[in-house]
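One structure is given below, encoded as C-alpha cells.
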Amino acid sequence: MERHSESTKGILKLLLPHGVMLLLILILVIGITGIPQNYNISSFNGVTTPNIPFSLVLDSISNNFKVLLSGEAFKTVIQGEPALDLLIRTGRKSFTILFFGTILSLAIGIPKGIIDSRRKITSGTFKLLQSLIPLSLPDVFTIGLLQFLAMYLFTNSVRLFGVDPLPYIGDKTILHSVYPIFAISILPSAYIARITASTIEEGFGKPYILAARGKGLSRLQIIKGHLLKSIMFNILSGFTTIMGIMFSSLIIIERLFSFRGVGFYLLYFYTTEIIDPYEAGVGFTLFIVFLSVLYYILIAAINILKDTVIKIKETN
Amino acid sequence: MSILEIKNLKTYFDINNTLYPAVDDISFSLNEGETLAIIGESGSGKSVTALSIMGLVDEPGKIISGEIIFEGRDLLKLSEKEIKRIRGNDISMIYQDPMMTLNPFNKIGKQLEEAILIHKKKDKKSVKSKAIELIKSVGISDAEKRYSNYPNHFSGGMRQRLMIAMAIACDPKVLIADEPTTALDVTIQSEILELIRDIKIKNNMSIILNTHDLGVVAQMADSVVVMYCGKIMEKSKIENIFNNPLNPYTKSLMDCIPRIDKKKDVLNSIEGYVPHPTDYGYGCRFYDRCDKRINKCKDNMPDLVEVNQDHFVRCWLFS
C-alpha cells in the first residue's frame, strides 16, 4: 500500500512539470491570440508608439480568456451550427483519422521494422534511407502523391485485390476515410519501422539474446518473447515525435481529400469569408492546441508510468 | 564412444574482405560422459569454438570449412530448422557472464520455460512445475516464489545457477560451459563447479569446459585441449597435460600455477601478448613468446603430431 502511494507520488511529481508547462503554452496561445489583429507599433525618430493603448490590448486579451473560459465562444453559430457542435463533429472525424492512422502505422511499421532488421549489414545505408527519404520529403508531396494515385485508380476503375476503387475525395461514407487514414500513416510507419529495426538490431547484440538463441528460439520467438517490450517502449518514447508529424499532416490531408475535420475547417475559414476568418482561425487553432496539449499530457503520463514500472521492477 | 567430433574446423572473421582466423583447423572429439577442457588465454579461440558448435557464430564470423559431427550427423550440413531442434535440447551452453545473459525484463520462470516449451512440447502446467523443479535442482530455495522473480532479484552466483538450470532444462547430451566461473567470486566458483559436476554425474552428460583457470581444469577435466591463437597446441588426457606437458606454451601455462610446495616471491607469467589475428605469420604463432624457439619455427607451422598414445603436440621440437 505504502509502495503504491509512493509510486503515485512519484508519477505526480514527474507529471506536474509537464502539466504546468503545457498549461503555460495554452495560456500563452490564448493570450497571443487575444492581441487585436490590427495592433501595430510604429517607430519614428527613435520613438516607438503603439497604435492601440496597452490597456486596451490587455482588455482584449482578458476578454479572449473570458470568452473562451466562460464557454461563450462555443455558442457562436457558424453556418447555422453552434461552434461547439461543429468542433465535436469535426473533432470526431479528425480523431477517426488520427486513431486508425496510429493503428495502421503500428500495423505497418512494426512488421516492416522486423523485416528491415533481417537484411544484411551491407544494406544498412539502404535501410536507413528507406526511413529517411519518406521523413525528409515534404508532407504535402507524399500526401499529394497518394491522392494522385487514388485519383488514377478511381477514374480508371482499377480494382486492387478484387476491391472496387475507393472514393478519393469527400467524407460521406466510412470508405472515404480510407485514403486519409493511409495518408496519415505513411510517415509514422517509416518512423516506427526505423525504431523497430534499430531496437531489434541493438537487441540482437545483447548477451541475453545470444542465450535465447542458444535455447533454440527462432528469430520471431526471440522478438516476441524478448524484444517486443523494448520495441513498444521505444515506440512509446518516440510517440511525441510521431504525433507531431501526424498533427501537422492532418491539416494537409483533410484539405487535399476534402475530409471535413478540424484541419479542413481551419484552412476553410482562413480562405473564405463565411465568418470572420481570423476569429475562426483562432478558435480552431486553439482547439488543435488544446488537443495537442491533452495528447502530450497523455503520452507523457504513459511514458512516466512506463519508466516508473521499470524502476519499481529494478529496485524490488 | 565419441558423442561429438570436431574435424578440421575453421572459423574465420571476414573484416574488409580479408579473412582472419579465430579457430584455425582444429580437431578433437568428446566422448560420452567425458569432460573436456579447452584451455588458453583470451583470444585463443575457445569461445568461438563453443559458438561454432552451437551454430551461433554471427557475421562477420563464418565457418569456412570442417565438420561438427554430433551423433553421426554433421551439424554444419543441417538446415537452420534442424539445428534449432538440437540447440538448447541436445547441446546447450552456459555463458561467461550470468549478469548479462538473463533478460532483465522477463521473469526467471518464463526464461526457464522457453527451451522446454519449444523442445518438449509439454502443457503449460507441467512446464511450470518442471521450471520450479529446475530452480530447486540448482540449489535455490523457495523455488515457487523465486519463479516469478526478475533476474535483478538474484546475486551473481544465483544467476549462474539459474543459467545452469536453463542449460539443463531439456536434459542435453552435451553441455558447453564457456568460462562459467570467470565472472564470479572465488567463493562462489567452487560451488558452481561442484554443481556442474553433480549435474554431469546425475544426467550423464558430456561437458566441454572452456577456461583459462588451470585449477578448474584440474578439478573437472578428463582430457584437455590447449589452444593458442586459434590453433590446438597440445591435447591429451589430464594426467599427461599436468604431469608431462610437452608444448612450450603448455609448459609456460603450467609454470604460471602457484604451488604450495615451491615458495616464490613473484608469480610466473608468460611474457608478451597474444598476437592479434592480423599479425599472424606463417610460422608457429607462439614464436615470439617461446623460450625454446628455433629458426624453423618462425616461418613454418608445425603439424599436430601424436607423440605418445593420445598425446598430441604441435611443436617443431617434437615433429
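Each chain in the C-alpha cells gets a letter, A, B, ..., in the order shown, and its residues are numbered from 1; ligands are numbered from 1 in order too.
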May I have a table of the residues of segment 9-115 of chain B lying at most 6 Å from segment 208-215 of chain B, giving each one's closest pair of atoms and their distance in Å to one decimal, counting only C-alpha atoms, ordered by chain and ascending residue number, as JSON lines?
{"residue": "B:Thr35", "atom": "CA", "partner": "B:Ile208", "partner_atom": "CA", "distance": 5.9}
{"residue": "B:Leu36", "atom": "CA", "partner": "B:Ile208", "partner_atom": "CA", "distance": 4.9}
{"residue": "B:Ala37", "atom": "CA", "partner": "B:Leu209", "partner_atom": "CA", "distance": 4.5}
{"residue": "B:Ile38", "atom": "CA", "partner": "B:Asn210", "partner_atom": "CA", "distance": 4.8}
{"residue": "B:Ile39", "atom": "CA", "partner": "B:His212", "partner_atom": "CA", "distance": 5.2}
{"residue": "B:Gly40", "atom": "CA", "partner": "B:His212", "partner_atom": "CA", "distance": 5.4}
{"residue": "B:Glu41", "atom": "CA", "partner": "B:His212", "partner_atom": "CA", "distance": 5.9}
Segment 18-179 of chain A: residues DSSP assigns to helix (DSSP H, G or I), reported as a count of residues only: 112
Find the residues in chain B near chain A: any atom within 6 Å counts, using only C-alpha atoms. Write them as a PDB file with C-alpha atoms, in the first residue's frame.
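result.pdb was written with the following content:
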ATOM      1  CA  LYS B  84      17.357 -25.262 -33.750  1.00  0.00           C
ATOM      2  CA  ARG B  87      20.384 -26.292 -29.943  1.00  0.00           C
ATOM      3  CA  GLY B  88      19.210 -25.977 -26.356  1.00  0.00           C
ATOM      4  CA  MET B 100      24.203 -10.204 -18.773  1.00  0.00           C
ATOM      5  CA  THR B 101      22.799 -13.454 -20.122  1.00  0.00           C
ATOM      6  CA  LEU B 102      19.436 -13.290 -18.382  1.00  0.00           C
ATOM      7  CA  ASN B 103      16.850 -10.954 -19.849  1.00  0.00           C
ATOM      8  CA  ALA B 115      13.522 -24.161 -24.007  1.00  0.00           C
TER       9      ALA B 115
END
Within 12 Å of Ile252 of chain A, counting only C-alpha atoms, which residues show up once you throw out same-chain ones fewer than 3 positions away? Write them as an MDAnalysis selection string, please. chainID A and resid 94 138:144 147 180 183:184 245:249 255:268
Would you mind exporting N, CA and C atoms of the selected residues as an mmCIF file, in the first residue's frame?
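File part.cif, as written:
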data_model
loop_
_atom_site.group_PDB
_atom_site.id
_atom_site.type_symbol
_atom_site.label_atom_id
_atom_site.label_comp_id
_atom_site.auth_asym_id
_atom_site.auth_seq_id
_atom_site.Cartn_x
_atom_site.Cartn_y
_atom_site.Cartn_z
ATOM 1 N N SER A 94 -11.668 13.986 -37.277
ATOM 2 C CA SER A 94 -10.192 14.046 -37.214
ATOM 3 C C SER A 94 -9.654 12.938 -36.317
ATOM 4 N N PRO A 138 8.594 16.573 -48.197
ATOM 5 C CA PRO A 138 7.538 17.416 -47.614
ATOM 6 C C PRO A 138 6.223 16.625 -47.512
ATOM 7 N N ASP A 139 5.487 16.836 -46.414
ATOM 8 C CA ASP A 139 4.215 16.112 -46.190
ATOM 9 C C ASP A 139 3.319 16.228 -47.409
ATOM 10 N N VAL A 140 3.224 17.468 -47.907
ATOM 11 C CA VAL A 140 2.283 17.738 -48.979
ATOM 12 C C VAL A 140 2.617 16.932 -50.244
ATOM 13 N N PHE A 141 3.904 16.673 -50.464
ATOM 14 C CA PHE A 141 4.330 15.907 -51.635
ATOM 15 C C PHE A 141 3.890 14.450 -51.507
ATOM 16 N N THR A 142 4.178 13.845 -50.352
ATOM 17 C CA THR A 142 3.819 12.438 -50.130
ATOM 18 C C THR A 142 2.308 12.254 -50.187
ATOM 19 N N ILE A 143 1.603 13.145 -49.507
ATOM 20 C CA ILE A 143 0.148 13.034 -49.449
ATOM 21 C C ILE A 143 -0.446 13.276 -50.845
ATOM 22 N N GLY A 144 0.096 14.276 -51.533
ATOM 23 C CA GLY A 144 -0.372 14.574 -52.885
ATOM 24 C C GLY A 144 -0.154 13.402 -53.822
ATOM 25 N N GLN A 147 -2.768 10.875 -53.196
ATOM 26 C CA GLN A 147 -4.058 11.291 -53.738
ATOM 27 C C GLN A 147 -4.074 11.139 -55.263
ATOM 28 N N PRO A 180 -7.443 8.991 -46.446
ATOM 29 C CA PRO A 180 -6.844 9.868 -45.423
ATOM 30 C C PRO A 180 -6.104 9.086 -44.332
ATOM 31 N N ALA A 183 -2.915 7.953 -45.808
ATOM 32 C CA ALA A 183 -2.016 9.100 -45.993
ATOM 33 C C ALA A 183 -1.362 9.510 -44.670
ATOM 34 N N ILE A 184 -2.170 9.517 -43.609
ATOM 35 C CA ILE A 184 -1.615 9.983 -42.323
ATOM 36 C C ILE A 184 -0.655 8.959 -41.706
ATOM 37 N N ILE A 245 4.211 14.703 -36.130
ATOM 38 C CA ILE A 245 4.128 14.502 -37.590
ATOM 39 C C ILE A 245 2.657 14.371 -37.992
ATOM 40 N N MET A 246 1.905 13.584 -37.211
ATOM 41 C CA MET A 246 0.505 13.312 -37.560
ATOM 42 C C MET A 246 -0.354 14.582 -37.501
ATOM 43 N N PHE A 247 -0.152 15.379 -36.467
ATOM 44 C CA PHE A 247 -0.951 16.608 -36.326
ATOM 45 C C PHE A 247 -0.678 17.564 -37.486
ATOM 46 N N SER A 248 0.615 17.652 -37.887
ATOM 47 C CA SER A 248 0.930 18.582 -38.982
ATOM 48 C C SER A 248 0.391 18.042 -40.307
ATOM 49 N N SER A 249 0.385 16.731 -40.470
ATOM 50 C CA SER A 249 -0.123 16.148 -41.722
ATOM 51 C C SER A 249 -1.641 16.253 -41.801
ATOM 52 N N ARG A 255 -7.493 18.767 -46.024
ATOM 53 C CA ARG A 255 -7.741 19.751 -47.085
ATOM 54 C C ARG A 255 -7.688 19.072 -48.460
ATOM 55 N N LEU A 256 -6.647 18.288 -48.688
ATOM 56 C CA LEU A 256 -6.486 17.668 -50.012
ATOM 57 C C LEU A 256 -7.584 16.651 -50.314
ATOM 58 N N PHE A 257 -8.005 15.907 -49.300
ATOM 59 C CA PHE A 257 -9.029 14.883 -49.512
ATOM 60 C C PHE A 257 -10.438 15.422 -49.228
ATOM 61 N N SER A 258 -10.564 16.723 -48.999
ATOM 62 C CA SER A 258 -11.846 17.361 -48.645
ATOM 63 C C SER A 258 -12.561 16.584 -47.544
ATOM 64 N N PHE A 259 -11.812 16.197 -46.571
ATOM 65 C CA PHE A 259 -12.347 15.445 -45.442
ATOM 66 C C PHE A 259 -12.578 16.459 -44.316
ATOM 67 N N ARG A 260 -13.866 16.700 -44.005
ATOM 68 C CA ARG A 260 -14.173 17.862 -43.169
ATOM 69 C C ARG A 260 -13.961 17.646 -41.659
ATOM 70 N N GLY A 261 -12.713 17.619 -41.311
ATOM 71 C CA GLY A 261 -12.342 17.523 -39.899
ATOM 72 C C GLY A 261 -11.877 18.878 -39.402
ATOM 73 N N VAL A 262 -11.250 18.903 -38.259
ATOM 74 C CA VAL A 262 -10.794 20.159 -37.662
ATOM 75 C C VAL A 262 -9.806 20.879 -38.579
ATOM 76 N N GLY A 263 -8.878 20.115 -39.137
ATOM 77 C CA GLY A 263 -7.858 20.686 -40.010
ATOM 78 C C GLY A 263 -8.468 21.311 -41.249
ATOM 79 N N PHE A 264 -9.460 20.635 -41.810
ATOM 80 C CA PHE A 264 -10.126 21.145 -43.014
ATOM 81 C C PHE A 264 -10.758 22.504 -42.722
ATOM 82 N N TYR A 265 -11.517 22.574 -41.614
ATOM 83 C CA TYR A 265 -12.225 23.816 -41.282
ATOM 84 C C TYR A 265 -11.259 24.935 -40.940
ATOM 85 N N LEU A 266 -10.138 24.573 -40.354
ATOM 86 C CA LEU A 266 -9.135 25.577 -40.007
ATOM 87 C C LEU A 266 -8.702 26.352 -41.254
ATOM 88 N N LEU A 267 -8.373 25.603 -42.317
ATOM 89 C CA LEU A 267 -7.958 26.252 -43.567
ATOM 90 C C LEU A 267 -9.152 26.898 -44.272
ATOM 91 N N TYR A 268 -10.305 26.218 -44.183
ATOM 92 C CA TYR A 268 -11.516 26.686 -44.851
ATOM 93 C C TYR A 268 -11.906 28.081 -44.362
#
Distance query segment 288-303 of chain A at most 9 Å, only C-alpha atoms, self and fewer than 2 positions along chain excluded, as a ChimeraX atom specification: /A:11-12,14-15,18-19,22-23,25-26,29,233,236-237,239-240,243-244,247,262-263,283-286,305-308
Find the distance between atom CA of Asp74 of chain B and atom CA of Gly61 of chain B and write it in Å to one decimal. 19.4 Å
Can you pull out every residue within 8 Å of Ser117 of chain A, counting only C-alpha atoms, but drop anything in the same chain fewer than 3 positions away, and send it as a compact mmCIF listing (two decimals) with N, CA and C atoms, in the first residue's frame?
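The resulting part32.txt:
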# COMPACT_ATOMS: atom_id res chain seq x y z
N GLY A 113 9.66 -3.00 -39.75
CA GLY A 113 10.89 -2.90 -38.97
C GLY A 113 11.51 -4.26 -38.73
N ILE A 114 10.66 -5.25 -38.47
CA ILE A 114 11.16 -6.62 -38.24
C ILE A 114 11.82 -7.14 -39.53
N ALA A 197 13.35 -1.53 -36.18
CA ALA A 197 14.55 -2.16 -36.74
C ALA A 197 15.78 -1.88 -35.87
N SER A 198 15.92 -0.63 -35.44
CA SER A 198 17.12 -0.33 -34.65
C SER A 198 17.06 -0.99 -33.28
N ILE A 200 15.67 -3.90 -32.65
CA ILE A 200 16.00 -5.32 -32.87
C ILE A 200 17.50 -5.48 -33.12
N GLU A 201 18.04 -4.61 -33.97
CA GLU A 201 19.48 -4.71 -34.28
C GLU A 201 20.31 -4.56 -33.00
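For the pair atom CA of Pro248 of chain B and atom CA of Ile6 of chain B, the interatomic distance is 24.4 Å.
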Please list as a PyMOL selection string every residue within 9 Å of segment 190-195 of chain B, counting only C-alpha atoms and excluding residues in the same chain fewer than 2 positions away. chain B and resi 138-139+157+160-161+164+180-181+186-188+197-200+216+219-220
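With only C-alpha atoms as the atoms that count, the minimum distance from Phe105 of chain B to the choices B:Asn89, B:Ser2, B:Asn243, B:Asn149 is reached by B:Asn149.
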Skipping near chain neighbours, those fewer than 6 positions away, what residues fall within 6 Å of Tyr12 of chain B using only C-alpha atoms, listed as a VMD selection string? chain B and resid 19 to 22 61 to 62
I need the residue nearest Phe154 of chain A from this list: A:Phe269, A:Ser189, A:Met21, A:Pro167. Use only C-alpha atoms for the distance.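 Of all the options, A:Pro167 lies closest to Phe154 of chain A.
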